[in-house]
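Structure first, commentary second.
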Amino acid sequence: MSSENDNITNLNSENDNSPKAETKDFIRTIIDQHNKSGRFDNVVHTRFPPEPNGYLHIGHAKAICISFGIAEEYGGVTNLRFDDTNPTKEDTKYADAIMEDIKWLGFNWEERLFHASDYFDQLYDWAVLLIKKGVAFVDDLSAEEMREYRGTLTGAGKESPHRSRSVEENLELFEKMKNGDFPDGAKTLRAKIDMASGNMNMRDPVMYRIMRATHHRTGDKWCMYPTYDWAHGQSDSIEKITHSLCDLSFEDHRPLYDWFLDQLDVHHPQQSEFARLNINYTITSKRKLRQLVEQNFVDGWDDPRMPTLSGLRRRGYTPKAVKTFIAKLGVSKKRDTIADIALLEHGLRDELNASSERRMAVLAPLKVVITNYPDGQIEEFDAVNNPESEAAGSRKVFFSKEIYIEQTDFVEVAPNRKYFRLAIGKEVRLKHTYYITCDEAIKDDDGNIVELRCTYDPESKGGSTPDGRKVRGTLHWVSTHDAVDAEVRLYAHLFTKESPDEDDDFLEHVNPDSLELLTDCKVEPSLKDLKKGGSCQFLRHGYFCVDSKNSTNGKIVFNRSVTLKDSWAKMKKS
RNA sequence: UGGGGCGUCGUCAAGCGGUAAGACACUAGCCUUUGACGCUAGCAUUCGUAGGUUCGAAUCCUGCCGCCCCAGCCA
């Protein structure tokens, strides 16, 4: 055989695979190894196991992208399983919201919707089996006592005095627990493992606790419920999951899950743990997000400032931008990393730049009268919808003698040669139409500028002149005769501190200026046609979407999804 | 005097014994009817640290140092 052929083969395969192969994260590397060894017959079957006790946030999106995304990549499937082992905290409404969010991200569990509660009977039988094997026992210790017996991080615990009950007695007691013969909290079923283990999870963990609560799915069938630790691994096993992907906090639990699975001698998934997602200037803690909602720092779980998926959706984020962001971050085991929210914003800008039509909107209007423009004349101009996409076509905009420009686009005296906007005696271009020069600023009694008097150059029609003179500044504008009133909400980071999460008083770092409400905005008439949730770029401002909740036929409300980059603002600062 | 993890640019992150990818951010400039977009250039002589092995180490060995998680009948 010629070595030349071999070389060609190798080169080709390198060209095909090397970019991906070089950047494979540790989870994909493990899966590759399994596929090589045939451990799971080349099957990749994952699951996403949320507890239906709150809304999904961007941290969950990472877990979703990993579990659903990796399975997809390897031609496998993913189950959605609600780990509903604590009825006091869970509710169907959360389950519904969770499903909506996963679908929004573009993932599909098809017919594989499961619940840990589907397995309560099986779990009970297995618990009986462990009792019979002599590796589980009914304990009478109270919660406080159990804590004392558990020992400390550095010192071994003590065995419960009830640990040596006979199998028969345990069986009888456990049956009574199920039948409701004991009050809440009176007894527990515990695994008999090792009270001296360095791993706290192995110090005779609780498998069942008595808790009279109506379960959102099983109703009042049970008065005791399995703990997460007892239910989770077995649920994965029952579903024949091959790769259980979860966050680092479950690393310590893996030995326990393995222990249960070994005792039961059932299918053994491979659990791999990755670092959770943290992002600066926000928080990804369900508990803390709930506080923001309950203490009215925000408008609800879907407030556009929230890092929840429903909040991001309402803010105008796209599933693609969220997924791209997560993919760019990668997967690792580094725990204390904090991703830069600028990367998330960049992804959105990047996508919307290519896809959003441009419109003109004046957020803080200043009236301009063009003194040499004929009274009552209305001129029609073509305005390109998206310079990045010819297919987006163009629309008509209508120019008149009176228009609005942005208050921030005018100063009486230009501060320096780098200033391109309007000032007295300065000429600027009005996007798509004419050059105007400011002659005079009209002020009210308090000295506030209330109106500008300008003249236009008829030669500049369309935005350039025969003499070819350079006009650096281009302003957006809206004509007073057809301007549409709108409310615009500008959002900034929810927190003023990069890592608000690092201390307990995170509420002190809530940004008081995270929402700026502008109620007197004037926008292009074509904006009336934008549907709820629809996005566009406001020229020179950023990307905005029509608020899906508070917009009405009479009043359009826009949410700023993300600003445009602003090198002028940066220049002014320095 | 416990157990489990992690330490590569401001941030995230490749690299797996052959002489530090990429992205974001940042800086400088070009372009521009969005001070947007785009383009060009710059941005870790060094991989927590100290030794050792080697012709050669971020990659192997040893010792230190630092950070994080675990003591719910939460998940």
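In the structure tokens, the first chain shown is A, the next is B, and so on; residue numbers restart at 1 for each chain, and ligands run from 1 in the order shown.
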Quick one: which chain B residues come within 12 Å of chain A, and what is the nearest atom pair for each with the distance in Å to one decimal, counting only C-alpha atoms (C1' of nucleotides), rows ordered by chain and ascending number, as CSV?
residue,atom,partner,partner_atom,distance
B:U1,C1',A:Thr154,CA,6.3
B:G2,C1',A:Thr154,CA,4.1
B:G3,C1',A:Gly198,CA,4.3
B:G4,C1',A:Asp252,CA,5.8
B:G5,C1',A:Lys333,CA,7.8
B:C6,C1',A:Lys334,CA,5.5
B:G7,C1',A:Lys334,CA,8.5
B:G10,C1',A:Asp340,CA,10.3
B:U11,C1',A:Asp340,CA,5.7
B:C12,C1',A:Leu329,CA,5.3
B:A13,C1',A:Gly330,CA,7.0
B:A14,C1',A:Thr23,CA,6.0
B:G15,C1',A:Glu22,CA,8.4
B:C16,C1',A:Glu22,CA,10.9
B:A21,C1',A:Glu22,CA,9.4
B:G22,C1',A:Thr23,CA,9.8
B:A23,C1',A:Lys328,CA,7.0
B:C24,C1',A:Leu343,CA,5.2
B:A25,C1',A:Ala342,CA,7.7
B:C26,C1',A:Lys570,CA,11.8
B:U32,C1',A:Arg472,CA,9.1
B:U33,C1',A:Gly463,CA,5.7
B:U34,C1',A:Arg540,CA,5.0
B:G35,C1',A:Trp568,CA,5.2
B:A36,C1',A:Leu564,CA,6.3
B:C37,C1',A:Asn353,CA,7.4
B:G38,C1',A:Glu388,CA,10.3
B:C67,C1',A:Asp336,CA,8.2
B:C68,C1',A:Arg335,CA,6.5
B:C69,C1',A:Ser249,CA,6.4
B:C70,C1',A:Met200,CA,6.7
B:A71,C1',A:Thr152,CA,5.2
B:G72,C1',A:Ala143,CA,9.2
B:C73,C1',A:Arg209,CA,5.0
B:C74,C1',A:Asn86,CA,8.1
B:A75,C1',A:Tyr228,CA,6.4
Residues within 10 Å of Ala414 (chain A), please, as a list in words. Count only C-alpha atoms (C1' of nucleotides); anything in the same chain fewer than 6 positions from it doesn't count.
Phe420, Arg421, Leu422, Ala423, Ile424, Gly425 and Lys426 of chain A
Can you tell me, as a PyMOL selection string, what residues are no more than 7 Å from region 159-170 of chain A when counting only C-alpha atoms (C1' of nucleotides), ignoring any on the same chain fewer than 3 positions away?
chain A and resi 131-132+134+137-140+149+173-174+195
Could those selected residues go to a file with N, CA and C atoms, as a tab-separated table (two decimals), in the first residue's frame?
chain	number	residue	atom	x	y	z
A	131	ILE	N	-34.24	-2.36	52.27
A	131	ILE	CA	-34.48	-2.73	53.68
A	131	ILE	C	-34.21	-4.23	53.84
A	132	LYS	N	-34.74	-4.99	52.91
A	132	LYS	CA	-34.55	-6.45	52.98
A	132	LYS	C	-33.08	-6.83	52.88
A	134	GLY	N	-30.88	-5.20	54.12
A	134	GLY	CA	-30.24	-4.74	55.35
A	134	GLY	C	-29.42	-3.48	55.17
A	137	PHE	N	-32.75	1.62	56.79
A	137	PHE	CA	-33.45	1.45	58.06
A	137	PHE	C	-34.33	2.65	58.36
A	138	VAL	N	-35.35	2.39	59.18
A	138	VAL	CA	-36.24	3.46	59.61
A	138	VAL	C	-35.63	4.10	60.85
A	139	ASP	N	-35.56	5.43	60.81
A	139	ASP	CA	-34.95	6.16	61.91
A	139	ASP	C	-35.98	7.03	62.61
A	140	ASP	N	-35.83	7.18	63.92
A	140	ASP	CA	-36.74	8.02	64.69
A	140	ASP	C	-36.14	9.36	65.06
A	149	TYR	N	-25.95	14.08	65.10
A	149	TYR	CA	-25.35	12.77	64.84
A	149	TYR	C	-24.49	12.77	63.57
A	173	LEU	N	-42.29	-0.83	60.05
A	173	LEU	CA	-42.28	0.61	60.28
A	173	LEU	C	-42.43	1.39	58.96
A	174	PHE	N	-41.73	0.91	57.95
A	174	PHE	CA	-41.75	1.62	56.67
A	174	PHE	C	-43.17	1.56	56.07
A	195	MET	N	-21.23	6.37	58.56
A	195	MET	CA	-21.29	7.63	59.31
A	195	MET	C	-19.91	8.28	59.47
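CA of Phe410 (chain A) is found 11.3 Å from CA of Val450 (chain A).
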Which parts of region 40-236 of chain A does DSSP call alpha helix (DSSP H) when run on the backbone here, written out as number ranges by chain?
A: 58-73, 92-105, 120-132, 143-150, 167-179, 228-236
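Nearest residue to Lys192 (chain A) among A:Asp439, A:Glu502, A:Asp204, A:Glu402 is A:Asp204, counting only C-alpha atoms.
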Please provide as a PyMOL selection string all residues within 12 Å of C65 (chain B), with the sequence filter that same-chain residues fewer than 6 positions apart are discarded (counting only C-alpha atoms (C1' of nucleotides)).
chain B and resi 7+48-50
For the residues selected in the previous step, produce a file with N, CA and C atoms (P, O5', C5', C4', C3', O3' and C1' of nucleotides) as a short mmCIF file (atom, residue, chain, number, x, y, z; two decimals), in the first residue's frame.
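Output below, filename part_30.cif:
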data_model
loop_
_atom_site.label_atom_id
_atom_site.label_comp_id
_atom_site.auth_asym_id
_atom_site.auth_seq_id
_atom_site.Cartn_x
_atom_site.Cartn_y
_atom_site.Cartn_z
P G B 7 -8.36 24.21 35.98
"O5'" G B 7 -8.34 25.76 36.38
"C5'" G B 7 -7.37 26.63 35.89
"C4'" G B 7 -7.00 27.61 36.98
"C3'" G B 7 -5.62 28.22 36.78
"O3'" G B 7 -5.72 29.59 36.44
"C1'" G B 7 -5.93 27.39 39.01
P G B 48 -0.59 28.12 35.82
"O5'" G B 48 -0.46 28.99 37.15
"C5'" G B 48 -0.80 30.37 37.13
"C4'" G B 48 -0.47 30.93 38.49
"C3'" G B 48 0.94 30.61 38.94
"O3'" G B 48 1.83 31.64 38.54
"C1'" G B 48 -0.59 29.94 40.61
P U B 49 3.30 31.31 38.09
"O5'" U B 49 3.98 30.86 39.46
"C5'" U B 49 4.16 31.78 40.53
"C4'" U B 49 4.74 31.04 41.71
"C3'" U B 49 5.98 30.23 41.40
"O3'" U B 49 7.14 31.04 41.46
"C1'" U B 49 4.47 28.91 42.63
P A B 50 8.42 30.63 40.60
"O5'" A B 50 9.08 29.50 41.50
"C5'" A B 50 9.54 29.82 42.81
"C4'" A B 50 10.02 28.56 43.49
"C3'" A B 50 10.91 27.68 42.62
"O3'" A B 50 12.24 28.15 42.62
"C1'" A B 50 9.27 26.34 43.66
#
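Put simply, CA of Arg28 (chain A) is 7.6 Å away from CA of Ile70 (chain A).
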Counting only C-alpha atoms (C1' of nucleotides), what is within 10 Å of Asp547 (chain A), bar same-chain residues fewer than 3 positions away, as a PyMOL selection string?
chain A and resi 304+314-316+487-489+531-535+544+550-552+556-560
I need the residues in region 330-554 of chain A that are strand (DSSP E) according to DSSP; give them as a PyMOL selection string.
chain A and resi 358-359+361-362+365-370+379-384+394-399+402-406+427-430+435-443+449-457+474-475+478-479+484-491+515-523+535-538+542-546
I want to know what sits within 6 Å of Ile405 (chain A), based on only C-alpha atoms (C1' of nucleotides), with residues of the same chain fewer than 6 positions away left out; could you give that as a list in words?
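Here the answer would be Pro365, Leu366 and Trp477 of chain A.
The spacing separating CA of Tyr456 (chain A) from CA of Pro374 (chain A) amounts to 10.8 Å.
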